[in-house]
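Source file: upload30.cif; contents: mmCIF, C-alpha atoms.
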```cif
data_structure
loop_
_atom_site.label_atom_id
_atom_site.label_comp_id
_atom_site.auth_asym_id
_atom_site.auth_seq_id
_atom_site.Cartn_x
_atom_site.Cartn_y
_atom_site.Cartn_z
CA MET A 3 95.58 113.48 103.86
CA ALA A 4 95.69 116.00 101.04
CA GLY A 5 99.18 117.09 100.09
CA VAL A 6 100.91 114.37 102.11
CA ALA A 7 102.78 111.43 100.65
CA CYS A 8 100.50 108.40 100.45
CA ASP A 9 102.60 106.17 98.18
CA ASP A 10 105.40 103.78 99.07
CA ARG A 11 108.30 106.16 98.45
CA PRO A 12 110.35 107.23 101.48
CA LEU A 13 109.32 110.42 103.23
CA VAL A 14 111.32 113.54 102.43
CA PHE A 15 111.53 116.76 104.41
CA ALA A 16 108.90 118.46 102.22
CA ASP A 17 106.37 115.80 103.28
CA LEU A 18 106.94 116.67 106.94
CA VAL A 19 106.37 120.35 106.21
CA ARG A 20 103.25 119.61 104.14
CA TRP A 21 101.80 117.68 107.07
CA PHE A 22 101.79 120.89 109.13
CA GLU A 23 100.53 122.92 106.16
CA ALA A 24 97.58 120.54 105.74
CA GLY A 25 96.15 121.83 109.03
CA ALA A 26 95.35 125.26 107.55
CA LYS A 27 91.61 125.99 107.37
CA PRO A 28 89.47 128.95 106.27
CA ALA A 29 88.27 131.06 109.19
CA ALA A 30 84.70 129.81 108.78
CA ASP A 31 85.94 126.31 109.67
CA TRP A 32 88.00 127.27 112.74
CA ARG A 33 87.05 125.34 115.85
CA VAL A 34 88.40 124.98 119.38
CA GLY A 35 89.15 121.76 121.18
CA ALA A 36 89.39 121.76 124.97
CA GLU A 37 91.31 119.26 127.08
CA HIS A 38 91.51 118.91 130.83
CA GLU A 39 93.07 116.44 133.25
CA LYS A 40 92.01 115.69 136.81
CA PHE A 41 93.34 113.56 139.64
CA VAL A 42 91.26 110.54 140.68
CA PHE A 43 91.31 109.74 144.40
CA LYS A 44 89.60 107.44 146.90
CA LEU A 45 86.89 109.22 148.83
CA GLY A 46 87.68 109.37 152.53
CA SER A 47 91.33 108.30 152.41
CA HIS A 48 92.33 110.64 149.51
CA GLU A 49 94.65 107.89 148.24
CA PRO A 50 95.61 107.60 144.56
CA VAL A 51 93.73 105.02 142.51
CA PRO A 52 95.30 102.00 140.76
CA TYR A 53 94.29 100.73 137.34
CA GLU A 54 92.50 97.80 138.98
CA PRO A 55 90.73 96.47 140.93
CA GLY A 56 87.92 98.97 141.37
CA GLY A 57 89.99 101.81 139.94
CA ILE A 58 90.71 103.49 136.63
CA LYS A 59 89.69 100.47 134.51
CA ALA A 60 86.35 100.26 136.33
CA LEU A 61 85.86 103.98 135.73
CA LEU A 62 86.54 103.55 132.01
CA ASP A 63 84.29 100.49 131.82
CA GLY A 64 81.51 102.30 133.66
CA LEU A 65 81.49 105.18 131.20
CA THR A 66 80.58 102.85 128.31
CA ARG A 67 76.95 103.09 129.48
CA PHE A 68 77.00 106.66 128.09
CA GLY A 69 77.98 105.55 124.59
CA TRP A 70 81.76 105.68 124.97
CA LYS A 71 83.60 102.95 123.04
CA PRO A 72 86.70 101.33 124.59
CA VAL A 73 90.14 101.55 122.96
CA LEU A 74 92.38 98.59 123.79
CA GLU A 75 96.13 98.10 123.99
CA GLY A 76 96.51 94.36 124.27
CA GLU A 77 93.84 93.40 126.78
CA ASN A 78 93.86 96.72 128.63
CA VAL A 79 91.36 99.53 128.09
CA ILE A 80 93.55 102.63 127.68
CA ALA A 81 91.04 105.15 126.29
CA LEU A 82 87.44 105.76 125.27
CA GLU A 83 86.04 107.37 122.14
CA ARG A 84 82.69 108.95 121.36
CA GLY A 85 82.44 110.81 118.10
CA MET A 86 85.46 113.09 117.87
CA ALA A 87 85.98 113.24 121.64
CA SER A 88 88.08 110.88 123.73
CA VAL A 89 88.86 110.04 127.33
CA SER A 90 92.47 109.03 127.78
CA LEU A 91 94.58 107.32 130.38
CA GLU A 92 97.46 109.44 131.63
CA PRO A 93 100.65 107.94 133.17
CA GLY A 94 99.61 108.16 136.84
CA GLY A 95 95.91 107.58 136.28
CA GLN A 96 95.03 111.25 135.70
CA PHE A 97 91.72 111.24 133.83
CA GLU A 98 91.65 113.38 130.69
CA LEU A 99 88.86 114.57 128.46
CA SER A 100 90.08 115.49 124.98
CA GLY A 101 87.04 117.24 123.61
CA ALA A 102 85.73 117.37 120.08
CA PRO A 103 86.54 120.38 117.87
CA LEU A 104 83.60 122.69 118.60
CA GLU A 105 82.43 126.03 117.28
CA THR A 106 81.79 128.07 120.43
CA ILE A 107 82.75 128.25 124.09
CA HIS A 108 79.09 127.59 124.89
CA ASP A 109 79.52 124.22 123.18
CA ILE A 110 82.80 123.60 125.04
CA CYS A 111 81.23 124.29 128.43
CA GLU A 112 78.26 122.05 127.65
CA GLU A 113 80.61 119.23 126.61
CA THR A 114 82.73 119.69 129.76
CA GLY A 115 79.68 119.71 131.99
CA GLN A 116 78.25 116.58 130.43
CA HIS A 117 81.59 114.79 130.87
CA LEU A 118 81.91 115.78 134.53
CA GLN A 119 78.34 114.65 135.23
CA GLU A 120 78.94 111.30 133.55
CA VAL A 121 82.19 110.56 135.38
CA LYS A 122 80.64 111.59 138.69
CA VAL A 123 77.83 109.05 138.27
CA VAL A 124 80.35 106.24 137.78
CA ALA A 125 82.84 107.51 140.35
CA ASP A 126 80.18 107.76 143.07
CA GLU A 127 79.42 104.07 142.58
CA LEU A 128 83.13 103.24 142.97
CA GLY A 129 83.81 105.53 145.93
CA LEU A 130 86.07 107.76 143.88
CA GLY A 131 86.41 111.54 143.52
CA PHE A 132 88.08 114.01 141.16
CA LEU A 133 90.32 116.98 141.92
CA GLY A 134 91.35 119.73 139.51
CA LEU A 135 94.76 121.00 140.61
CA GLY A 136 98.04 121.50 138.74
CA PHE A 137 100.08 119.19 140.98
CA THR A 138 99.00 116.51 143.40
CA PRO A 139 98.95 118.16 146.83
CA THR A 140 99.90 115.22 149.05
CA TRP A 141 101.07 112.14 147.13
CA THR A 142 104.72 111.18 146.78
CA ARG A 143 105.97 110.04 143.42
CA ALA A 144 106.29 106.47 144.77
CA GLN A 145 102.63 106.41 145.87
CA VAL A 146 101.27 107.10 142.39
CA PRO A 147 100.35 103.91 140.51
CA VAL A 148 101.67 103.26 137.01
CA MET A 149 99.12 102.80 134.24
CA PRO A 150 99.53 99.90 131.74
CA LYS A 151 100.29 101.79 128.52
CA GLY A 152 103.35 100.96 126.43
CA ARG A 153 104.54 104.45 125.62
CA TYR A 154 104.57 105.39 129.30
CA GLY A 155 106.97 102.59 130.14
CA ILE A 156 109.39 103.94 127.53
CA MET A 157 109.05 107.50 128.81
CA ARG A 158 109.45 106.40 132.43
CA ALA A 159 112.79 104.78 131.66
CA TYR A 160 114.05 107.74 129.58
CA MET A 161 112.93 110.72 131.67
CA PRO A 162 115.51 110.45 134.49
CA LYS A 163 118.29 110.56 131.89
CA VAL A 164 117.38 114.07 130.71
CA GLY A 165 115.89 115.92 133.69
CA SER A 166 115.18 115.59 137.39
CA LEU A 167 111.43 116.31 137.28
CA GLY A 168 110.21 114.39 134.22
CA LEU A 169 108.65 111.65 136.32
CA ASP A 170 106.80 114.29 138.33
CA MET A 171 105.47 115.67 135.05
CA MET A 172 104.19 112.22 134.10
CA PHE A 173 102.70 111.16 137.41
CA ARG A 174 101.87 114.23 139.49
CA THR A 175 100.65 117.03 137.19
CA CYS A 176 97.33 118.01 135.60
CA THR A 177 96.63 120.71 133.05
CA VAL A 178 93.85 122.35 131.08
CA GLN A 179 94.58 123.05 127.41
CA ALA A 180 92.99 124.56 124.32
CA ASN A 181 93.65 123.65 120.69
CA LEU A 182 93.05 126.27 118.01
CA ASP A 183 93.20 126.41 114.21
CA PHE A 184 95.17 128.60 111.82
CA GLY A 185 94.36 129.80 108.31
CA SER A 186 97.76 129.89 106.66
CA GLU A 187 101.46 129.82 107.46
CA ALA A 188 101.47 133.57 108.16
CA ASP A 189 98.44 133.22 110.43
CA MET A 190 100.10 130.32 112.26
CA VAL A 191 103.23 132.41 112.83
CA ALA A 192 101.26 135.37 114.20
CA LYS A 193 99.23 133.14 116.51
CA PHE A 194 102.24 131.09 117.64
CA ARG A 195 104.27 134.20 118.54
CA ALA A 196 101.52 135.97 120.47
CA SER A 197 100.32 132.88 122.32
CA LEU A 198 103.82 131.67 123.18
CA ALA A 199 104.91 135.08 124.49
CA LEU A 200 101.74 135.39 126.59
CA GLN A 201 101.62 131.78 127.77
CA PRO A 202 103.33 132.68 131.09
CA ILE A 203 100.59 135.25 131.72
CA ALA A 204 98.04 132.44 131.44
CA THR A 205 100.25 130.35 133.75
CA ALA A 206 99.99 133.09 136.38
CA LEU A 207 96.22 133.50 136.01
CA PHE A 208 95.66 129.74 136.35
CA ALA A 209 98.35 129.08 139.00
CA ASN A 210 96.72 126.48 141.21
CA SER A 211 99.35 124.10 142.60
CA PRO A 212 101.11 125.49 145.70
CA PHE A 213 101.53 122.18 147.54
CA LYS A 214 103.93 119.25 147.30
CA GLU A 215 103.71 116.20 149.53
CA GLY A 216 101.43 117.95 151.99
CA LYS A 217 103.41 121.18 152.44
CA PRO A 218 103.68 124.50 150.60
CA SER A 219 106.20 124.00 147.81
CA GLY A 220 107.35 127.62 147.74
CA LEU A 221 105.75 127.89 144.30
CA LEU A 222 102.35 129.00 143.07
CA SER A 223 102.46 126.66 140.08
CA THR A 224 104.45 123.60 141.06
CA ARG A 225 103.30 122.12 137.76
CA ALA A 226 104.86 124.93 135.72
CA ASN A 227 108.12 124.58 137.62
CA VAL A 228 108.23 120.86 136.84
CA TRP A 229 108.42 121.68 133.13
CA THR A 230 111.59 123.72 133.65
CA ASP A 231 113.53 120.52 134.43
CA THR A 232 111.77 117.79 132.47
CA ASP A 233 113.73 117.56 129.21
CA PRO A 234 115.43 120.59 127.65
CA ASP A 235 115.33 118.97 124.19
CA ARG A 236 111.54 119.09 123.99
CA THR A 237 110.28 121.85 126.34
CA GLY A 238 110.48 125.59 126.81
CA MET A 239 109.74 128.88 125.07
CA LEU A 240 111.28 128.13 121.64
CA ASP A 241 113.32 131.26 120.93
CA PHE A 242 113.31 130.52 117.19
CA VAL A 243 109.57 131.24 117.01
CA PHE A 244 110.34 134.93 117.55
CA GLU A 245 113.07 135.10 114.89
CA ASP A 246 112.64 136.37 111.34
CA GLY A 247 111.80 133.67 108.85
CA PHE A 248 110.00 131.38 111.29
CA GLY A 249 107.49 129.07 109.63
CA PHE A 250 106.49 125.45 109.10
CA GLU A 251 109.97 124.52 107.86
CA THR A 252 111.61 125.93 110.98
CA TYR A 253 109.34 123.95 113.28
CA ALA A 254 109.78 120.78 111.22
CA ASN A 255 113.57 121.11 111.55
CA TYR A 256 113.20 121.62 115.29
CA ALA A 257 110.95 118.57 115.61
CA LEU A 258 113.40 116.47 113.59
CA ASP A 259 116.10 117.22 116.16
CA VAL A 260 113.95 116.32 119.18
CA PRO A 261 114.99 112.80 120.23
CA MET A 262 112.38 110.13 119.63
CA TYR A 263 110.61 108.05 122.29
CA PHE A 264 109.04 105.20 120.32
CA VAL A 265 107.82 103.81 117.02
CA LYS A 266 104.45 102.09 116.99
CA ARG A 267 104.11 98.91 114.92
CA ASP A 268 101.18 96.45 114.97
CA GLY A 269 99.82 98.02 118.15
CA ARG A 270 103.14 97.67 119.94
CA TYR A 271 105.50 100.43 121.10
CA ILE A 272 109.12 99.89 120.10
CA ASP A 273 111.58 101.69 122.37
CA VAL A 274 113.83 103.99 120.33
CA ALA A 275 114.25 106.59 123.09
CA GLY A 276 117.02 109.05 122.28
CA ARG A 277 117.22 108.06 118.62
CA SER A 278 117.08 110.56 115.75
CA PHE A 279 114.09 110.91 113.41
CA ARG A 280 116.61 112.06 110.78
CA ASP A 281 118.31 108.65 111.06
CA PHE A 282 114.89 106.99 110.85
CA MET A 283 114.26 108.80 107.54
CA GLU A 284 117.54 107.35 106.25
CA GLY A 285 116.59 103.84 107.40
CA ARG A 286 119.30 103.86 110.07
CA LEU A 287 117.41 103.03 113.27
CA PRO A 288 119.16 100.05 114.89
CA GLU A 289 115.83 98.82 116.28
CA LEU A 290 114.20 98.87 112.81
CA PRO A 291 117.09 98.32 110.38
CA GLY A 292 116.32 99.50 106.87
CA GLU A 293 112.80 100.63 107.79
CA ARG A 294 111.71 104.20 107.06
CA PRO A 295 108.95 106.22 108.73
CA THR A 296 105.40 106.79 107.58
CA ILE A 297 103.61 110.10 107.95
CA LYS A 298 101.80 108.51 110.92
CA ASP A 299 105.21 108.05 112.60
CA TRP A 300 105.83 111.76 112.11
CA ALA A 301 102.42 112.64 113.55
CA ASP A 302 103.16 110.41 116.56
CA HIS A 303 106.57 112.01 117.03
CA THR A 304 105.08 115.52 117.15
CA THR A 305 102.97 114.42 120.15
CA THR A 306 106.16 113.74 122.15
CA ILE A 307 107.31 117.39 122.00
CA PHE A 308 106.25 119.53 124.97
CA PRO A 309 106.89 123.28 124.51
CA GLU A 310 104.56 125.80 126.11
CA VAL A 311 102.77 126.10 122.75
CA ARG A 312 102.89 123.08 120.45
CA LEU A 313 102.33 122.97 116.71
CA LYS A 314 100.63 119.96 115.16
CA GLN A 315 97.92 120.52 112.56
CA TYR A 316 96.66 123.12 115.00
CA LEU A 317 98.19 125.05 117.90
CA GLU A 318 98.02 123.74 121.48
CA MET A 319 98.02 126.12 124.45
CA ARG A 320 99.86 124.22 127.21
CA GLY A 321 100.61 126.70 130.01
CA ALA A 322 97.79 126.36 132.55
CA ASP A 323 97.18 124.42 135.76
CA SER A 324 93.99 122.42 135.96
CA GLY A 325 91.29 123.87 138.17
CA PRO A 326 87.55 123.99 138.92
CA TRP A 327 84.84 123.55 136.30
CA SER A 328 84.47 127.30 135.74
CA ARG A 329 88.13 127.76 134.78
CA LEU A 330 88.05 124.78 132.43
CA CYS A 331 85.76 126.87 130.20
CA ALA A 332 87.75 130.06 130.78
CA LEU A 333 91.00 128.79 129.24
CA PRO A 334 89.63 128.16 125.71
CA ALA A 335 87.63 131.40 125.99
CA LEU A 336 90.80 133.37 126.72
CA TRP A 337 92.67 132.01 123.71
CA MET A 338 89.73 132.05 121.33
CA GLY A 339 89.10 135.70 122.15
CA ILE A 340 92.70 136.56 121.33
CA LEU A 341 93.52 134.26 118.43
CA TYR A 342 90.27 134.21 116.44
CA ASP A 343 89.87 137.97 116.04
CA SER A 344 92.45 139.79 113.93
CA ALA A 345 92.31 143.05 115.89
CA ALA A 346 92.65 141.17 119.19
CA LEU A 347 95.58 139.14 117.88
CA GLU A 348 97.40 142.30 116.82
CA ALA A 349 96.69 144.02 120.14
CA ALA A 350 97.87 140.95 122.08
CA TRP A 351 101.14 140.84 120.16
CA ASP A 352 101.61 144.55 120.88
CA LEU A 353 101.68 143.66 124.60
CA ALA A 354 104.69 141.38 124.15
CA LYS A 355 106.52 142.30 120.96
CA GLY A 356 108.99 144.55 122.81
CA TRP A 357 110.12 141.83 125.19
CA ALA A 358 113.66 140.56 124.70
CA ILE A 359 114.26 136.90 123.87
CA GLU A 360 115.75 136.29 127.32
CA ASP A 361 112.60 137.77 128.91
CA HIS A 362 110.48 134.83 127.74
CA GLU A 363 112.27 132.03 129.57
CA ARG A 364 112.85 134.17 132.66
CA LEU A 365 109.17 135.07 132.80
CA ARG A 366 108.19 131.42 132.46
CA ALA A 367 110.24 130.60 135.57
CA ASP A 368 109.20 133.71 137.51
CA VAL A 369 105.44 133.21 137.22
CA ALA A 370 105.74 129.72 138.72
CA ARG A 371 107.07 131.40 141.89
CA LEU A 372 105.50 134.83 141.88
CA GLY A 373 102.31 134.53 139.84
CA LEU A 374 100.80 137.91 139.01
CA LYS A 375 103.52 139.70 141.01
CA ALA A 376 106.21 138.79 138.47
CA GLN A 377 107.56 141.57 136.22
CA VAL A 378 108.23 141.71 132.49
CA GLY A 379 109.18 144.61 130.25
CA GLY A 380 108.92 147.07 133.13
CA ARG A 381 105.34 146.03 133.98
CA SER A 382 103.73 143.66 136.45
CA VAL A 383 102.24 140.46 135.12
CA GLN A 384 99.01 141.56 136.81
CA ASP A 385 98.83 144.64 134.57
CA VAL A 386 99.66 142.63 131.46
CA ALA A 387 97.00 140.09 132.43
CA LYS A 388 94.37 142.82 132.79
CA ASP A 389 95.20 144.11 129.31
CA MET A 390 95.25 140.59 127.88
CA LEU A 391 91.81 139.83 129.30
CA ALA A 392 90.38 143.12 128.06
CA ILE A 393 91.65 142.26 124.57
CA ALA A 394 90.16 138.76 124.78
CA ARG A 395 86.82 140.12 125.99
CA GLU A 396 86.58 142.51 123.03
CA GLY A 397 87.55 139.70 120.66
CA LEU A 398 84.77 137.49 122.00
CA LYS A 399 82.27 140.33 121.84
CA ARG A 400 83.14 140.93 118.18
CA ARG A 401 82.73 137.21 117.48
CA ASN A 402 79.20 137.60 118.84
CA ARG A 403 78.50 133.88 119.17
CA LEU A 404 75.36 133.79 121.29
CA SER A 405 74.05 131.03 123.52
CA GLY A 406 70.42 129.99 123.66
CA GLY A 407 70.02 132.71 126.25
CA LEU A 408 71.43 135.26 123.77
CA VAL A 409 74.60 135.78 125.83
CA ASP A 410 77.97 136.08 124.09
CA GLU A 411 81.13 134.18 125.06
CA SER A 412 82.82 136.99 126.99
CA GLY A 413 81.14 135.99 130.25
CA TYR A 414 83.40 132.95 130.50
CA LEU A 415 86.29 135.32 131.27
CA ALA A 416 84.66 136.74 134.42
CA GLU A 417 86.53 134.53 136.90
CA LEU A 418 89.88 135.31 135.27
CA GLU A 419 89.07 139.02 135.36
CA GLN A 420 88.37 138.77 139.10
CA ILE A 421 91.74 137.03 139.60
CA ALA A 422 93.57 139.69 137.57
CA ASP A 423 91.82 142.59 139.30
CA SER A 424 92.61 141.19 142.74
CA GLY A 425 96.21 140.26 141.92
CA VAL A 426 95.67 137.08 143.96
CA THR A 427 96.13 133.75 142.18
CA PRO A 428 94.03 130.66 142.98
CA ALA A 429 97.18 129.16 144.52
CA GLU A 430 97.47 132.03 146.99
CA ARG A 431 93.86 131.50 148.04
CA LEU A 432 94.65 127.83 148.68
CA LEU A 433 97.66 128.83 150.79
CA GLU A 434 95.47 131.17 152.81
CA LEU A 435 93.07 128.29 153.52
CA TYR A 436 96.02 126.08 154.46
CA GLU A 437 97.22 128.64 157.01
CA THR A 438 93.77 129.33 158.44
CA ARG A 439 90.72 127.09 158.12
CA TRP A 440 92.66 123.95 157.16
CA ASN A 441 95.11 124.25 160.08
CA GLY A 442 98.08 123.20 157.97
CA ASP A 443 96.35 120.16 156.43
CA ALA A 444 96.78 120.30 152.63
CA GLY A 445 94.67 117.15 152.33
CA ARG A 446 91.60 119.27 153.01
CA VAL A 447 91.76 120.39 149.39
CA PHE A 448 90.36 116.98 148.39
CA ASP A 449 87.22 117.63 150.42
CA ASP A 450 86.73 121.31 149.67
CA PHE A 451 87.62 121.41 145.97
CA ALA A 452 86.60 118.03 144.52
CA TYR A 453 84.35 118.17 141.46
#
```

Same coordinates, now as structure tokens:
Amino acid sequence: MAGVACDDRPLVFADLVRWFEAGAKPAADWRVGAEHEKFVFKLGSHEPVPYEPGGIKALLDGLTRFGWKPVLEGENVIALERGMASVSLEPGGQFELSGAPLETIHDICEETGQHLQEVKVVADELGLGFLGLGFTPTWTRAQVPVMPKGRYGIMRAYMPKVGSLGLDMMFRTCTVQANLDFGSEADMVAKFRASLALQPIATALFANSPFKEGKPSGLLSTRANVWTDTDPDRTGMLDFVFEDGFGFETYANYALDVPMYFVKRDGRYIDVAGRSFRDFMEGRLPELPGERPTIKDWADHTTTIFPEVRLKQYLEMRGADSGPWSRLCALPALWMGILYDSAALEAAWDLAKGWAIEDHERLRADVARLGLKAQVGGRSVQDVAKDMLAIAREGLKRRNRLSGGLVDESGYLAELEQIADSGVTPAERLLELYETRWNGDAGRVFDDFAY
């Protein structure tokens, strides 16, 4: 990669910084990548699905008829690839589409729709279904099967040492994400600050996980709450992003101090959980004595950091519960409308720039419980959400990327605008069904909301 060390000399700090810098692209080349996870369940019984027999492996194998190529770890299929898109195997069998970098939300929605149609064809043959929710509504942690992927074994052993809910994060949550480009360090900083500050607003709009083990959890986003006690070293609202002088170097220093999980060598994951990447750069890892990292090791390490917005060679928006097909397209539309239009980005930052540092973490916790009824900076989250969506809509209108039907991208925000106008989150609508039509049976969500 241009600007990154490719010779045999040991990595130095400047190489780590340059790896982030290498992600910068001119605005004409900005794309958006959408990701979403969904729970796989057995039709009828609503039980979780093992890797095999007749489970996740069969689902992966069945998708190869659509041109997906298997990715193996040992003898196990752990992912699929087709062009720049992939289907990956999450720790508890959650099924994830990591979409290709695409130019418009129209393209994103077409890609998502094609994926959901393909998986439904295979799943119907296997007697399986899919559910888009932020947290599994009925399964206990012990019921969820473990997928055969090396890095997950390392994480599973380490998580209970650093937080009480890390295993729930791995096995019982699903999210929808969007990945967006930046043009320069200054552009990255502006986008990181605005999107991180407003990430809890997106959490409230997408709140869609009010159940735990068959009962109301007392939360609207049980998924978001899980992240508050997963691992304080690698999660949260990153106060330093809002401080003067923030840039690639600041984030690289932060990432260096996040404990490692693994090093990958010859297709095998070596457990170095809790070790320091700084020690690795000095050749002082006990598990790999004298060995120093490659830039690929650094890239791998950045994927094990889980703040609400994550920097790699692009920015990842990580604050939303998974949901129905329509909201899978809405999440990238929201962030593209804000981050890819300079006037929208400035207006979005104006919404949040007066919030105190302590407001950010408090708001993150409050929206998990209160959704749009939470308060920040003397305003309701509902009012901030309305403003945020209006800004995003104008940003998408100015982009003026038209579909074949000559419609711009702003229509993808309509469902979020209805949520904001009503002040009622998707989770609260699920709770209403639980109390009325479902007669206290949270398992009905599998029947009524499956893809």

Spatial neighbours of Arg225 of chain A, 7 Å, only C-alpha atoms, chain gap at least 4 places, as a list in words: Gly136, Phe137, Thr175, Ser211, Trp229 and Asp323 of chain A

Distance in Å - atom CA of Ala422 of chain A versus atom CA of Leu374 of chain A: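 Going from atom CA of Ala422 of chain A over to atom CA of Leu374 of chain A, I get 7.6 Å.
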
Gap from atom CA of Pro147 of chain A to atom CA of Lys163 of chain A - Å, one decimal: 21.0 Å

Ground truth for the PyMOL selection byres ((chain A and resi 444) around 8), written as a list in words: Pro139, Thr140, Phe213, Gly216, Lys217, Tyr436, Trp440, Gly442, Asp443, Gly445, Arg446 and Val447 of chain A

Expected file contents, prior selection, C-alpha atoms, as a PDB file, in the coordinates of the input:
```pdb
ATOM      1  CA  PRO A 139      98.950 118.160 146.830  1.00  0.00           C
ATOM      2  CA  THR A 140      99.900 115.220 149.050  1.00  0.00           C
ATOM      3  CA  PHE A 213     101.530 122.180 147.540  1.00  0.00           C
ATOM      4  CA  GLY A 216     101.430 117.950 151.990  1.00  0.00           C
ATOM      5  CA  LYS A 217     103.410 121.180 152.440  1.00  0.00           C
ATOM      6  CA  TYR A 436      96.020 126.080 154.460  1.00  0.00           C
ATOM      7  CA  TRP A 440      92.660 123.950 157.160  1.00  0.00           C
ATOM      8  CA  GLY A 442      98.080 123.200 157.970  1.00  0.00           C
ATOM      9  CA  ASP A 443      96.350 120.160 156.430  1.00  0.00           C
ATOM     10  CA  GLY A 445      94.670 117.150 152.330  1.00  0.00           C
ATOM     11  CA  ARG A 446      91.600 119.270 153.010  1.00  0.00           C
ATOM     12  CA  VAL A 447      91.760 120.390 149.390  1.00  0.00           C
TER      13      VAL A 447
END
```

Result set of the PyMOL selection byres ((chain A and resi 195) around 12) on the coordinates above, as a PyMOL selection string: chain A and resi 188-194+196-201+239-246+248-249+310-313+317+319+341+347-348+350-355+357+359+362

Residues selected by the PyMOL selection byres ((chain A and resi 316) around 9), written as a PyMOL selection string: chain A and resi 22+25-26+181-184+190+312-315+317-318

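Checking A:Lys151, A:Lys40, A:Arg11, A:Arg20 one by one against Phe250 of chain A, counting all atoms listed in the file, you find the shortest gap at A:Arg20.
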
With a distance cut-off of 7 Å and all atoms listed in the file, select the neighbouring residues of Val19 of chain A, excluding the residue or stretch itself and same-chain residues fewer than 3 positions from it, and output the selection as a JSON list (two decimals) with C-alpha atoms, in the frame of the given file.
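Output contents, as saved in result17.json:
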```
[["chain", "number", "residue", "atom", "x", "y", "z"],
["A", 15, "PHE", "CA", 111.53, 116.76, 104.41],
["A", 16, "ALA", "CA", 108.90, 118.46, 102.22],
["A", 22, "PHE", "CA", 101.79, 120.89, 109.13],
["A", 23, "GLU", "CA", 100.53, 122.92, 106.16],
["A", 250, "PHE", "CA", 106.49, 125.45, 109.10],
["A", 251, "GLU", "CA", 109.97, 124.52, 107.86],
["A", 254, "ALA", "CA", 109.78, 120.78, 111.22]]
```

Closest of A:Asp231, A:Glu105, A:Asp389, A:Asp343 to Arg401 of chain A - atom-to-atom distances counting all atoms listed in the file: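 Nearest candidate to Arg401 of chain A out of A:Asp231, A:Glu105, A:Asp389, A:Asp343: A:Asp343.
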
Residue nearest Phe208 of chain A among A:Ser328, A:Thr138, A:Leu61, A:Ala392 (counting all atoms listed in the file): A:Ser328

Among the residues A:Asn78, A:Asp31, A:Glu39, A:Gly129, the one that comes closest to Pro103 of chain A [using only C-alpha atoms]: A:Asp31

Within 6 Å of file point (107.9, 122.2, 126.6), counting only C-alpha atoms, expressed as number ranges by chain: A: 236-238, 308-310

Minimum-distance residue to Arg286 of chain A, chosen among A:Val274, A:Pro55, A:Asp233, A:Val14 (using all atoms listed in the file): A:Val274

Listed atoms of segment 315-332 of chain A boxed axis-aligned with 4 Å per side, centre + edges as AutoDock Vina command-line options:
```
--center_x 92.5 --center_y 125.3 --center_z 125.7 --size_x 24.1 --size_y 17.5 --size_z 34.4
```

Two-atom distance - atom CA of Pro428 of chain A, atom CA of Asp449 of chain A (Å):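 Distance between the two atoms: 16.5 Å.
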
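Using all atoms listed in the file for every distance, the candidate list A:Ile421, A:Leu169, A:Val123, A:Leu398 yields A:Leu398 as the residue closest to Trp337 of chain A.
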
Long-range neighbours of Ala370 of chain A as a PyMOL selection string, 9 Å cut-off, all atoms listed in the file, 4 positions minimum in chain: chain A and resi 202+205-206+209+221-227+365-366
